[in-house]
>>> print(open('coords_2.cif').read())   # mmCIF, C-alpha atoms
data_model
loop_
_atom_site.label_atom_id
_atom_site.label_comp_id
_atom_site.auth_asym_id
_atom_site.auth_seq_id
_atom_site.Cartn_x
_atom_site.Cartn_y
_atom_site.Cartn_z
CA MET U 1 -5.35 -15.03 -36.62
CA THR U 2 -8.57 -13.01 -36.94
CA ARG U 3 -10.37 -16.10 -35.70
CA ILE U 4 -8.24 -16.03 -32.54
CA PHE U 5 -9.11 -12.39 -31.93
CA ARG U 6 -12.84 -13.05 -32.21
CA ARG U 7 -12.66 -16.08 -29.95
CA VAL U 8 -10.63 -14.26 -27.29
CA LEU U 9 -13.15 -11.47 -27.04
CA ALA U 10 -16.22 -13.71 -27.14
CA GLY U 11 -18.17 -13.46 -23.92
CA ALA U 12 -15.76 -10.91 -22.44
CA GLY U 13 -18.12 -7.94 -22.41
CA VAL U 14 -16.58 -5.93 -25.23
CA LEU U 15 -17.62 -2.28 -25.27
CA ALA U 16 -18.01 -0.04 -28.29
CA LEU U 17 -15.28 2.59 -28.32
CA THR U 18 -15.60 6.19 -29.46
CA VAL U 19 -12.41 8.14 -30.09
CA ALA U 20 -12.41 11.64 -28.65
CA LEU U 21 -12.73 14.28 -31.34
CA THR U 22 -10.21 16.64 -29.78
CA GLY U 23 -6.59 15.75 -29.10
CA ASN U 24 -4.91 12.49 -29.91
CA VAL U 25 -4.09 10.93 -26.59
CA SER U 26 -7.34 9.80 -25.00
CA VAL U 27 -10.06 7.26 -25.62
CA ALA U 28 -13.68 7.67 -24.53
CA SER U 29 -16.16 4.83 -24.30
CA ALA U 30 -19.79 3.92 -23.84
CA PRO U 31 -21.39 4.54 -20.43
CA PRO U 32 -20.37 2.00 -17.77
CA ARG U 33 -22.46 -1.15 -17.41
CA VAL U 34 -21.28 -2.02 -13.89
CA ALA U 35 -21.32 -0.20 -10.57
CA VAL U 36 -18.27 -1.98 -9.12
CA PRO U 37 -15.31 -3.88 -10.63
CA THR U 38 -16.87 -7.00 -12.14
CA LEU U 39 -15.45 -10.25 -13.49
CA THR U 40 -16.23 -10.58 -17.21
CA GLY U 41 -13.87 -13.37 -18.26
CA PHE U 42 -12.13 -16.37 -16.70
CA ALA U 43 -9.73 -18.82 -18.33
CA SER U 44 -7.21 -21.21 -16.84
CA LEU U 45 -4.05 -22.99 -18.00
CA PRO U 46 -3.35 -26.20 -16.03
CA ALA U 47 -0.29 -26.10 -13.80
CA GLY U 48 1.21 -29.14 -15.51
CA THR U 49 1.55 -27.57 -18.97
CA PHE U 50 4.91 -27.99 -20.68
CA VAL U 51 6.67 -26.95 -23.89
CA PRO U 52 6.38 -30.05 -26.13
CA GLY U 53 9.66 -31.71 -27.10
CA SER U 54 11.77 -29.27 -25.10
CA GLU U 55 14.42 -30.08 -22.48
CA PRO U 56 14.27 -31.56 -18.98
CA SER U 57 14.01 -29.04 -16.18
CA GLY U 58 13.85 -28.86 -12.40
CA SER U 59 16.75 -31.17 -11.56
CA GLN U 60 17.78 -28.91 -8.65
CA VAL U 61 14.28 -28.36 -7.30
CA THR U 62 13.77 -29.47 -3.71
CA GLY U 63 10.92 -29.29 -1.23
CA ASN U 64 7.22 -29.92 -1.65
CA THR U 65 6.36 -30.00 -5.36
CA ASN U 66 2.65 -30.67 -4.78
CA GLY U 67 2.52 -33.99 -6.58
CA PHE U 68 4.73 -33.16 -9.57
CA PRO U 69 7.84 -35.37 -9.56
CA VAL U 70 11.12 -33.74 -10.53
CA PRO U 71 12.94 -33.40 -12.78
CA PHE U 72 10.29 -32.55 -15.35
CA ALA U 73 10.63 -34.14 -18.78
CA ASP U 74 10.08 -30.76 -20.48
CA GLN U 75 10.15 -27.05 -19.78
CA PRO U 76 7.10 -25.87 -17.83
CA ILE U 77 4.96 -23.03 -19.17
CA GLN U 78 4.60 -21.20 -15.90
CA GLY U 79 5.37 -18.28 -13.69
CA PHE U 80 4.01 -15.42 -15.80
CA SER U 81 5.66 -12.18 -14.74
CA GLY U 82 4.82 -9.77 -17.57
CA ILE U 83 2.35 -9.42 -20.45
CA VAL U 84 1.83 -7.49 -23.69
CA ALA U 85 -1.22 -7.68 -25.95
CA ASN U 86 -0.97 -8.58 -29.64
CA PRO U 87 -3.16 -7.07 -32.38
CA ASP U 88 -4.70 -10.47 -33.19
CA GLY U 89 -6.06 -10.91 -29.65
CA SER U 90 -3.31 -13.22 -28.40
CA PHE U 91 -0.86 -12.21 -25.68
CA ASP U 92 2.88 -12.52 -25.17
CA VAL U 93 3.71 -13.42 -21.57
CA LEU U 94 7.09 -13.56 -19.92
CA SER U 95 7.91 -16.67 -17.92
CA ASP U 96 9.67 -16.04 -14.61
CA ASN U 97 13.28 -17.06 -13.95
CA GLY U 98 12.44 -20.61 -12.89
CA TYR U 99 12.06 -22.11 -9.45
CA GLY U 100 12.55 -19.26 -7.03
CA ASN U 101 16.29 -18.63 -6.93
CA GLN U 102 19.47 -18.59 -8.97
CA ALA U 103 20.84 -21.83 -7.54
CA ASN U 104 17.97 -24.10 -8.62
CA SER U 105 17.06 -22.58 -12.00
CA ALA U 106 20.04 -23.32 -14.27
CA ASP U 107 18.01 -25.77 -16.37
CA PHE U 108 15.02 -23.42 -16.76
CA LEU U 109 15.17 -21.73 -20.18
CA LEU U 110 14.00 -18.12 -20.26
CA ARG U 111 11.08 -17.75 -22.67
CA ILE U 112 8.32 -15.52 -23.93
CA GLN U 113 5.16 -17.61 -24.36
CA ARG U 114 2.27 -16.75 -26.70
CA LEU U 115 -1.19 -17.44 -25.27
CA ALA U 116 -4.75 -17.23 -26.60
CA PRO U 117 -7.39 -17.37 -23.87
CA SER U 118 -10.90 -18.51 -24.74
CA PHE U 119 -13.27 -17.07 -22.18
CA ARG U 120 -16.18 -18.93 -23.72
CA SER U 121 -14.61 -22.30 -22.88
CA GLY U 122 -12.53 -21.09 -19.94
CA THR U 123 -9.34 -22.50 -21.46
CA ILE U 124 -6.03 -21.10 -22.72
CA ASP U 125 -4.22 -22.24 -25.85
CA VAL U 126 -0.43 -22.03 -26.01
CA LEU U 127 0.38 -20.91 -29.55
CA GLY U 128 4.15 -21.17 -29.18
CA GLY U 129 6.87 -18.89 -27.94
CA LEU U 130 10.51 -18.00 -28.21
CA THR U 131 13.56 -18.73 -26.10
CA LEU U 132 15.85 -15.86 -25.06
CA THR U 133 19.47 -16.13 -26.21
CA ASP U 134 22.71 -14.14 -26.41
CA PRO U 135 24.35 -15.40 -29.64
CA ASP U 136 26.53 -12.30 -30.08
CA ALA U 137 28.04 -12.48 -26.58
CA TYR U 138 26.81 -9.15 -25.25
CA VAL U 139 26.91 -10.65 -21.76
CA THR U 140 30.59 -10.49 -20.82
CA TRP U 141 30.52 -12.77 -17.78
CA PRO U 142 30.18 -16.57 -18.03
CA LEU U 143 26.72 -17.86 -18.82
CA THR U 144 25.31 -21.19 -17.68
CA ARG U 145 25.25 -22.72 -21.16
CA ALA U 146 27.93 -22.77 -23.84
CA ASP U 147 25.28 -22.32 -26.55
CA ARG U 148 24.34 -18.98 -24.90
CA VAL U 149 20.72 -19.89 -24.36
CA LEU U 150 19.72 -17.87 -21.29
CA THR U 151 18.53 -19.58 -18.14
CA GLY U 152 17.08 -18.72 -14.77
CA ALA U 153 20.59 -18.83 -13.30
CA ASP U 154 21.69 -16.02 -15.66
CA PHE U 155 18.84 -13.54 -15.27
CA ASP U 156 15.64 -13.21 -13.28
CA VAL U 157 13.30 -11.69 -15.87
CA GLU U 158 10.22 -10.09 -14.33
CA SER U 159 8.80 -7.36 -16.60
CA ILE U 160 8.37 -6.70 -20.31
CA ALA U 161 7.56 -3.99 -22.84
CA ARG U 162 7.41 -4.26 -26.62
CA LEU U 163 8.47 -1.55 -29.07
CA ALA U 164 6.91 -0.68 -32.43
CA ASP U 165 9.64 -2.64 -34.25
CA GLY U 166 8.61 -5.85 -32.45
CA SER U 167 11.63 -5.94 -30.16
CA TYR U 168 11.27 -6.44 -26.42
CA TRP U 169 12.75 -4.67 -23.42
CA ILE U 170 12.82 -6.88 -20.35
CA GLY U 171 13.49 -5.96 -16.73
CA ASP U 172 15.72 -8.24 -14.66
CA GLU U 173 16.22 -8.61 -10.91
CA PHE U 174 19.75 -10.02 -10.71
CA GLY U 175 21.37 -6.77 -11.90
CA PRO U 176 19.02 -5.15 -11.87
CA TYR U 177 19.39 -4.82 -15.66
CA LEU U 178 17.38 -3.74 -18.65
CA LEU U 179 17.74 -6.24 -21.49
CA HIS U 180 16.86 -5.56 -25.14
CA PHE U 181 15.89 -8.52 -27.35
CA ASP U 182 14.86 -8.66 -30.99
CA ARG U 183 11.58 -10.26 -32.01
CA ALA U 184 13.32 -13.64 -32.28
CA GLY U 185 14.54 -13.43 -28.67
CA ARG U 186 18.20 -12.55 -29.42
CA LEU U 187 19.90 -10.07 -27.10
CA LEU U 188 20.67 -6.84 -28.98
CA GLY U 189 23.11 -5.16 -26.61
CA ALA U 190 24.90 -5.32 -23.30
CA PRO U 191 22.73 -5.51 -20.17
CA VAL U 192 22.08 -1.97 -18.91
CA PRO U 193 22.66 -1.57 -15.15
CA LEU U 194 20.81 0.90 -12.97
CA PRO U 195 23.32 3.40 -11.54
CA GLY U 196 23.67 3.13 -7.78
CA VAL U 197 21.59 -0.03 -7.43
CA VAL U 198 23.27 -3.44 -7.10
CA ALA U 199 21.47 -6.72 -6.41
CA PRO U 200 23.19 -9.41 -4.29
CA GLU U 201 23.65 -11.64 -7.36
CA THR U 202 25.66 -8.93 -9.11
CA ALA U 203 27.53 -8.06 -5.93
CA ALA U 204 28.65 -11.70 -5.61
CA ARG U 205 29.94 -11.67 -9.19
CA THR U 206 31.64 -8.27 -9.19
CA GLY U 207 32.65 -7.66 -5.58
CA ALA U 208 30.52 -4.51 -5.41
CA THR U 209 28.41 -3.73 -2.37
CA ALA U 210 24.78 -4.76 -2.67
CA THR U 211 22.30 -1.90 -2.27
CA ALA U 212 19.12 -3.92 -2.94
CA ARG U 213 17.74 -7.16 -1.57
CA SER U 214 17.60 -10.32 -3.63
CA SER U 215 14.57 -10.62 -5.93
CA LYS U 216 13.73 -6.92 -5.50
CA GLY U 217 14.83 -5.61 -8.89
CA PHE U 218 12.70 -4.54 -11.86
CA GLU U 219 9.23 -5.96 -11.29
CA GLY U 220 7.43 -3.42 -13.47
CA LEU U 221 8.35 -1.95 -16.86
CA ALA U 222 6.08 0.63 -18.49
CA LYS U 223 6.54 2.07 -21.98
CA SER U 224 5.42 5.67 -22.42
CA PRO U 225 2.64 6.08 -25.01
CA ASP U 226 4.90 8.16 -27.27
CA GLY U 227 7.42 5.29 -27.32
CA ARG U 228 10.34 7.36 -26.09
CA TYR U 229 10.73 6.28 -22.47
CA LEU U 230 10.65 3.19 -20.30
CA TYR U 231 9.74 3.48 -16.63
CA ALA U 232 11.29 0.69 -14.57
CA LEU U 233 9.88 0.11 -11.09
CA LEU U 234 11.89 -1.72 -8.43
CA GLU U 235 10.08 -4.23 -6.25
CA GLY U 236 11.95 -3.29 -3.08
CA ALA U 237 13.49 -0.24 -1.47
CA VAL U 238 17.13 0.70 -2.10
CA THR U 239 19.51 0.91 0.87
CA GLY U 240 19.20 4.36 2.43
CA ASP U 241 15.73 5.07 1.03
CA PRO U 242 12.71 5.25 3.36
CA ALA U 243 11.19 1.86 4.09
CA GLY U 244 8.34 1.07 1.73
CA GLN U 245 9.37 3.68 -0.86
CA LEU U 246 10.18 2.29 -4.30
CA ARG U 247 12.04 3.93 -7.17
CA LEU U 248 10.44 4.37 -10.59
CA ASN U 249 13.33 5.12 -12.97
CA GLU U 250 13.08 6.89 -16.34
CA PHE U 251 15.05 5.38 -19.25
CA ASP U 252 15.42 7.19 -22.58
CA LEU U 253 15.14 4.79 -25.51
CA ARG U 254 16.72 7.29 -27.91
CA THR U 255 19.94 7.55 -25.94
CA GLY U 256 19.84 4.07 -24.40
CA SER U 257 20.51 5.48 -20.94
CA TYR U 258 18.78 6.58 -17.78
CA THR U 259 17.80 10.24 -17.63
CA GLY U 260 18.43 10.56 -13.90
CA LYS U 261 14.76 11.27 -13.25
CA ARG U 262 13.04 9.03 -10.78
CA TYR U 263 9.79 9.00 -8.86
CA ALA U 264 8.96 7.60 -5.44
CA TYR U 265 6.13 5.06 -5.20
CA PRO U 266 4.82 4.55 -1.64
CA LEU U 267 3.73 1.05 -0.63
CA GLU U 268 0.83 0.81 1.80
CA ASN U 269 3.34 -0.70 4.22
CA PRO U 270 6.99 -1.82 3.89
CA ASP U 271 6.08 -5.52 4.01
CA LEU U 272 4.24 -5.34 0.67
CA ALA U 273 5.65 -5.60 -2.84
CA ILE U 274 4.62 -4.58 -6.34
CA GLY U 275 3.76 -7.12 -9.03
CA ASP U 276 3.64 -5.10 -12.24
CA ALA U 277 3.55 -1.53 -13.56
CA ILE U 278 2.24 -0.41 -16.95
CA ALA U 279 1.41 2.98 -18.46
CA ILE U 280 -2.12 4.36 -18.73
CA ASP U 281 -0.98 7.62 -20.31
CA GLN U 282 2.03 9.92 -20.17
CA ASN U 283 1.69 10.57 -16.43
CA ARG U 284 -0.35 7.71 -14.99
CA PHE U 285 0.50 4.08 -14.31
CA LEU U 286 -1.42 0.96 -13.35
CA ILE U 287 0.40 -0.84 -10.53
CA ILE U 288 -0.23 -4.16 -8.77
CA GLU U 289 0.52 -4.14 -5.04
CA ARG U 290 0.41 -7.31 -2.97
CA ASP U 291 1.30 -9.07 0.24
CA GLY U 292 3.02 -12.46 0.36
CA GLY U 293 -0.01 -14.42 1.49
CA GLN U 294 -1.93 -17.04 -0.47
CA GLY U 295 -5.22 -18.82 0.03
CA PRO U 296 -6.61 -17.98 3.49
CA THR U 297 -3.64 -15.70 4.28
CA ALA U 298 -4.05 -13.54 1.16
CA VAL U 299 -5.24 -10.07 2.18
CA VAL U 300 -3.68 -7.30 0.08
CA LYS U 301 -3.96 -7.93 -3.67
CA ARG U 302 -4.74 -4.56 -5.25
CA LEU U 303 -4.53 -2.48 -8.39
CA TYR U 304 -3.71 1.21 -8.02
CA VAL U 305 -3.66 4.11 -10.44
CA ALA U 306 -0.49 6.07 -9.71
CA GLU U 307 0.09 9.57 -11.07
CA ARG U 308 3.33 11.52 -11.32
CA ARG U 309 3.32 14.62 -9.11
CA GLY U 310 6.73 16.24 -8.96
CA GLY U 311 9.17 13.57 -7.79
CA SER U 312 6.50 11.34 -6.31
CA LEU U 313 3.61 9.14 -7.35
CA THR U 314 0.21 9.62 -5.78
CA LYS U 315 -2.06 6.59 -5.94
CA THR U 316 -5.74 5.76 -5.96
CA LEU U 317 -7.22 2.30 -5.43
CA LEU U 318 -8.77 0.95 -8.62
CA VAL U 319 -9.56 -2.72 -7.90
CA ASP U 320 -9.38 -4.90 -4.80
CA LEU U 321 -8.53 -8.27 -6.37
CA MET U 322 -9.88 -10.00 -3.27
CA ASN U 323 -13.33 -8.50 -3.79
CA ILE U 324 -14.49 -8.64 -7.42
CA ALA U 325 -18.18 -8.91 -8.24
CA ASN U 326 -19.03 -12.12 -10.11
CA PRO U 327 -22.77 -12.05 -10.86
CA ARG U 328 -22.41 -14.69 -13.60
CA ASN U 329 -20.49 -17.10 -11.31
CA LEU U 330 -17.69 -17.35 -13.86
CA GLY U 331 -15.13 -20.08 -13.26
CA GLY U 332 -17.54 -21.88 -10.97
CA PHE U 333 -16.93 -19.37 -8.21
CA GLY U 334 -19.61 -17.59 -6.21
CA PRO U 335 -20.93 -14.03 -6.48
CA THR U 336 -17.69 -12.62 -5.06
CA PHE U 337 -14.52 -13.61 -6.89
CA THR U 338 -11.11 -13.51 -5.20
CA PHE U 339 -7.61 -13.79 -6.66
CA PRO U 340 -5.82 -15.27 -3.62
CA PHE U 341 -2.40 -15.94 -5.14
CA GLN U 342 0.94 -15.23 -3.53
CA THR U 343 2.30 -13.45 -6.60
CA ILE U 344 0.17 -11.56 -9.14
CA GLU U 345 2.50 -10.06 -11.71
CA ASP U 346 0.60 -9.30 -14.92
CA VAL U 347 -1.85 -6.57 -15.88
CA VAL U 348 -2.80 -5.25 -19.32
CA ILE U 349 -5.39 -2.69 -20.46
CA LEU U 350 -7.82 -4.12 -23.02
CA ASP U 351 -10.02 -1.05 -23.53
CA PRO U 352 -11.03 1.99 -21.45
CA HIS U 353 -13.28 -0.06 -19.18
CA ARG U 354 -11.57 -3.46 -19.17
CA ILE U 355 -8.30 -4.84 -17.88
CA ALA U 356 -6.83 -8.35 -17.77
CA VAL U 357 -4.87 -9.77 -14.84
CA LEU U 358 -2.82 -12.99 -14.58
CA ASN U 359 -1.18 -14.71 -11.65
CA ASP U 360 2.37 -16.02 -11.36
CA ASN U 361 1.80 -19.59 -10.17
CA ASN U 362 5.43 -20.19 -9.07
CA PHE U 363 5.08 -23.73 -10.42
CA PRO U 364 5.06 -26.14 -8.70
CA PHE U 365 5.06 -24.37 -5.36
CA SER U 366 2.12 -21.95 -4.99
CA THR U 367 -1.17 -23.30 -3.63
CA GLY U 368 -3.49 -20.30 -3.45
CA ARG U 369 -6.64 -22.07 -4.64
CA ALA U 370 -6.32 -25.28 -2.62
CA ALA U 371 -3.79 -26.54 -0.10
CA GLY U 372 -1.51 -29.19 -1.59
CA VAL U 373 -2.59 -28.46 -5.17
CA ALA U 374 -0.24 -26.55 -7.48
CA ASP U 375 -1.90 -23.41 -8.79
CA ASN U 376 -2.98 -23.08 -12.40
CA ASN U 377 -2.22 -19.96 -14.39
CA GLU U 378 -5.46 -17.97 -14.31
CA PHE U 379 -6.32 -15.24 -16.80
CA ILE U 380 -9.18 -12.93 -15.81
CA THR U 381 -10.81 -9.83 -17.30
CA ILE U 382 -12.39 -7.15 -15.14
CA GLU U 383 -14.84 -4.48 -16.23
CA LEU U 384 -14.46 -1.14 -14.47
CA PRO U 385 -17.29 1.20 -13.48
CA ALA U 386 -15.44 4.25 -14.81
CA SER U 387 -13.21 4.68 -17.84
CA LEU U 388 -9.46 4.66 -17.29
CA ARG U 389 -9.23 7.32 -20.03
CA PRO U 390 -6.10 5.68 -21.43
CA ASP U 391 -3.92 7.19 -24.11
CA ARG U 392 -5.21 5.45 -27.21
CA ARG U 393 -1.67 4.67 -28.38
CA ILE U 394 -1.29 2.04 -25.65
CA LEU U 395 -4.30 0.17 -27.08
CA THR U 396 -2.78 -0.35 -30.53
#
>>> encode(input="coords_2.cif", output="structure tokens")
Amino acid sequence: MTRIFRRVLAGAGVLALTVALTGNVSVASAPPRVAVPTLTGFASLPAGTFVPGSEPSGSQVTGNTNGFPVPFADQPIQGFSGIVANPDGSFDVLSDNGYGNQANSADFLLRIQRLAPSFRSGTIDVLGGLTLTDPDAYVTWPLTRADRVLTGADFDVESIARLADGSYWIGDEFGPYLLHFDRAGRLLGAPVPLPGVVAPETAARTGATATARSSKGFEGLAKSPDGRYLYALLEGAVTGDPAGQLRLNEFDLRTGSYTGKRYAYPLENPDLAIGDAIAIDQNRFLIIERDGGQGPTAVVKRLYVAERRGGSLTKTLLVDLMNIANPRNLGGFGPTFTFPFQTIEDVVILDPHRIAVLNDNNFPFSTGRAAGVADNNEFITIELPASLRPDRRILT
């Protein structure tokens, strides 16, 4: 696996790191080599990439599939909605719930995929993955499958964090729930609801009143550097909250319950949404904010640094993903690189000056690069002109 690590970093502009001599929560680095956010790596996974020898999928998909006939013979590797870095240089990415809604995703198996991008060749290898299951029947309502393999009709998984023991916490939108899986993908406990917030899918099942819109549950899930807390960010506003104000909720991993603390994240306008949220340090987060446009209609695709201040988050623009310098013309694009995808839902910090960002290609529907052509999954690295000063524990 060391070979994978070396290949992943090849050509990506790796910087030498120097650990600060005082304290144990920050990382310093060499002086910046760029004046503006600059593309340093580009790799792409073709849209039509499937899990070999898996199961058919997409039997309920309708509409324009951009040249891909349905049903598919296998499970597509698509729709990345969360990412964590592995020590060997590969990445675990969370596939989305399927094909856009609960009704058409019952034959989409929920999975964590393992990827190894090669920025030298511009390609991405799929090293394998694991399917999410509930063998011990922690979910008390009927699942789609008798074998308790989880599907996109059961949960809409959108965000992920990994603990030191190798287990995963995953944020869902149908509850919204927090779900805890072991390193083999087996559910370890009952889905944890968010008090006072009910998605329409749960309201339909339980008879409760919905207080959130569909597909507006946990889009971001950040683990605190000390490993004690999760911070789960909703994609949409809760009924009664100001328009465009999202709740970031604190969850205590020691007690397995919410602390009651929450922080308000302000969107630039109520029509926007967030795509991911990860921790930089104990008080700061890296958050993707986006509009719903793609291709020529894509305008707002941004990365913000958000800092806790009392009960609110104040934010500062870090990267405009529609305006990234590309002096080396990586990917065959010109001197200005854009990321014009409808949904961009993955960000990870590689080192103090570099981040990686992936799109969710909504296979086979999104066409951000070219009209009528299903989007690939693109994996880019961006060098920053100033250090993020991350807590070094998030880099290990």
>>> residues_around(input="coords_2.cif", residues="U:Leu388", least_positions_apart="5", cutoff="12 Å", atoms="all atoms listed in the file", output="list in words")
Ser26, Val27, Ala28, Ser29, Pro32, Ala279, Ile280, Asp281, Arg284, Phe285, Leu286, Tyr304, Val305, Ala306, Thr316, Leu318, Val319, Ile349, Leu350, Asp351, Pro352, His353, Arg354, Ile355, Glu383, Ile394 and Leu395 of chain U
>>> write_last_selection(input="coords_2.cif", atoms="C-alpha atoms", output="PDB file, keeping the file's coordinate frame")
ATOM      1  CA  SER U  26      -7.340   9.800 -25.000  1.00  0.00           C
ATOM      2  CA  VAL U  27     -10.060   7.260 -25.620  1.00  0.00           C
ATOM      3  CA  ALA U  28     -13.680   7.670 -24.530  1.00  0.00           C
ATOM      4  CA  SER U  29     -16.160   4.830 -24.300  1.00  0.00           C
ATOM      5  CA  PRO U  32     -20.370   2.000 -17.770  1.00  0.00           C
ATOM      6  CA  ALA U 279       1.410   2.980 -18.460  1.00  0.00           C
ATOM      7  CA  ILE U 280      -2.120   4.360 -18.730  1.00  0.00           C
ATOM      8  CA  ASP U 281      -0.980   7.620 -20.310  1.00  0.00           C
ATOM      9  CA  ARG U 284      -0.350   7.710 -14.990  1.00  0.00           C
ATOM     10  CA  PHE U 285       0.500   4.080 -14.310  1.00  0.00           C
ATOM     11  CA  LEU U 286      -1.420   0.960 -13.350  1.00  0.00           C
ATOM     12  CA  TYR U 304      -3.710   1.210  -8.020  1.00  0.00           C
ATOM     13  CA  VAL U 305      -3.660   4.110 -10.440  1.00  0.00           C
ATOM     14  CA  ALA U 306      -0.490   6.070  -9.710  1.00  0.00           C
ATOM     15  CA  THR U 316      -5.740   5.760  -5.960  1.00  0.00           C
ATOM     16  CA  LEU U 318      -8.770   0.950  -8.620  1.00  0.00           C
ATOM     17  CA  VAL U 319      -9.560  -2.720  -7.900  1.00  0.00           C
ATOM     18  CA  ILE U 349      -5.390  -2.690 -20.460  1.00  0.00           C
ATOM     19  CA  LEU U 350      -7.820  -4.120 -23.020  1.00  0.00           C
ATOM     20  CA  ASP U 351     -10.020  -1.050 -23.530  1.00  0.00           C
ATOM     21  CA  PRO U 352     -11.030   1.990 -21.450  1.00  0.00           C
ATOM     22  CA  HIS U 353     -13.280  -0.060 -19.180  1.00  0.00           C
ATOM     23  CA  ARG U 354     -11.570  -3.460 -19.170  1.00  0.00           C
ATOM     24  CA  ILE U 355      -8.300  -4.840 -17.880  1.00  0.00           C
ATOM     25  CA  GLU U 383     -14.840  -4.480 -16.230  1.00  0.00           C
ATOM     26  CA  ILE U 394      -1.290   2.040 -25.650  1.00  0.00           C
ATOM     27  CA  LEU U 395      -4.300   0.170 -27.080  1.00  0.00           C
TER      28      LEU U 395
END
>>> residues_around(input="coords_2.cif", residues="U:Thr65", least_positions_apart="2", cutoff="10 Å", atoms="only C-alpha atoms", output="PyMOL selection string")
chain U and resi 61-63+67-70+363-366+372-374
>>> atom_distance(input="coords_2.cif", atom1="atom CA of U:Tyr231", atom2="atom CA of U:Val139")
22.8 Å
>>> residues_around(input="coords_2.cif", residues="stretch 39-52 of chain U", least_positions_apart="5", cutoff="7 Å", atoms="all atoms listed in the file", output="list of chain:residue names")
U:Ala12, U:Gly13, U:Asp74, U:Gln75, U:Pro76, U:Ile77, U:Pro117, U:Ser118, U:Phe119, U:Gly122, U:Thr123, U:Ile124, U:Ile324, U:Ala325, U:Asn326, U:Leu330, U:Gly331, U:Phe363, U:Ala374, U:Asp375, U:Asn376, U:Asn377, U:Glu378, U:Phe379, U:Ile380, U:Thr381, U:Ile382, U:Glu383
>>> closest_residue(input="coords_2.cif", among="U:Val126, U:Leu110, U:Val347, U:Leu303", to="U:Pro37", atoms="all atoms listed in the file")
U:Leu303
>>> axis_aligned_box(input="coords_2.cif", around="stretch 85-95 of chain U", padding_each_side="8 Å", output="JSON")
{"center_x": 0.9, "center_y": -11.9, "center_z": -25.6, "size_x": 30.0, "size_y": 25.6, "size_z": 31.3}
>>> resolve_selection(input="coords_2.cif", expression="the PyMOL selection byres ((chain U and resi 273) around 10)", output="list in words")
Lys216, Glu219, Leu234, Glu235, Gly236, Ala237, Gly244, Leu246, Leu267, Glu268, Asn269, Pro270, Asp271, Leu272, Ile274, Gly275, Asp276, Ile288, Glu289, Arg290, Asp291, Gly292, Val300, Lys301 and Thr343 of chain U
>>> write_last_selection(input="coords_2.cif", atoms="C-alpha atoms", output="compact mmCIF listing (two decimals), keeping the file's coordinate frame")
# COMPACT_ATOMS: atom_id res chain seq x y z
CA LYS U 216 13.73 -6.92 -5.50
CA GLU U 219 9.23 -5.96 -11.29
CA LEU U 234 11.89 -1.72 -8.43
CA GLU U 235 10.08 -4.23 -6.25
CA GLY U 236 11.95 -3.29 -3.08
CA ALA U 237 13.49 -0.24 -1.47
CA GLY U 244 8.34 1.07 1.73
CA LEU U 246 10.18 2.29 -4.30
CA LEU U 267 3.73 1.05 -0.63
CA GLU U 268 0.83 0.81 1.80
CA ASN U 269 3.34 -0.70 4.22
CA PRO U 270 6.99 -1.82 3.89
CA ASP U 271 6.08 -5.52 4.01
CA LEU U 272 4.24 -5.34 0.67
CA ILE U 274 4.62 -4.58 -6.34
CA GLY U 275 3.76 -7.12 -9.03
CA ASP U 276 3.64 -5.10 -12.24
CA ILE U 288 -0.23 -4.16 -8.77
CA GLU U 289 0.52 -4.14 -5.04
CA ARG U 290 0.41 -7.31 -2.97
CA ASP U 291 1.30 -9.07 0.24
CA GLY U 292 3.02 -12.46 0.36
CA VAL U 300 -3.68 -7.30 0.08
CA LYS U 301 -3.96 -7.93 -3.67
CA THR U 343 2.30 -13.45 -6.60
>>> resolve_selection(input="coords_2.cif", expression="the PyMOL selection byres ((chain U and resi 195-204) around 8)", output="ChimeraX atom specification")
/U:173-176,193-194,205-217,238
>>> write_last_selection(input="coords_2.cif", atoms="C-alpha atoms", output="mmCIF file, in the coordinates of the input")
data_model
loop_
_atom_site.group_PDB
_atom_site.id
_atom_site.type_symbol
_atom_site.label_atom_id
_atom_site.label_comp_id
_atom_site.auth_asym_id
_atom_site.auth_seq_id
_atom_site.Cartn_x
_atom_site.Cartn_y
_atom_site.Cartn_z
ATOM 1 C CA GLU U 173 16.220 -8.610 -10.910
ATOM 2 C CA PHE U 174 19.750 -10.020 -10.710
ATOM 3 C CA GLY U 175 21.370 -6.770 -11.900
ATOM 4 C CA PRO U 176 19.020 -5.150 -11.870
ATOM 5 C CA PRO U 193 22.660 -1.570 -15.150
ATOM 6 C CA LEU U 194 20.810 0.900 -12.970
ATOM 7 C CA ARG U 205 29.940 -11.670 -9.190
ATOM 8 C CA THR U 206 31.640 -8.270 -9.190
ATOM 9 C CA GLY U 207 32.650 -7.660 -5.580
ATOM 10 C CA ALA U 208 30.520 -4.510 -5.410
ATOM 11 C CA THR U 209 28.410 -3.730 -2.370
ATOM 12 C CA ALA U 210 24.780 -4.760 -2.670
ATOM 13 C CA THR U 211 22.300 -1.900 -2.270
ATOM 14 C CA ALA U 212 19.120 -3.920 -2.940
ATOM 15 C CA ARG U 213 17.740 -7.160 -1.570
ATOM 16 C CA SER U 214 17.600 -10.320 -3.630
ATOM 17 C CA SER U 215 14.570 -10.620 -5.930
ATOM 18 C CA LYS U 216 13.730 -6.920 -5.500
ATOM 19 C CA GLY U 217 14.830 -5.610 -8.890
ATOM 20 C CA VAL U 238 17.130 0.700 -2.100
#
>>> resolve_selection(input="coords_2.cif", expression="the PyMOL selection byres ((chain U and resi 128) around 9)", output="ChimeraX atom specification")
/U:51,112-115,126-127,129-130
>>> atom_distance(input="coords_2.cif", atom1="atom CA of U:Arg328", atom2="atom CA of U:Asp88")
26.7 Å
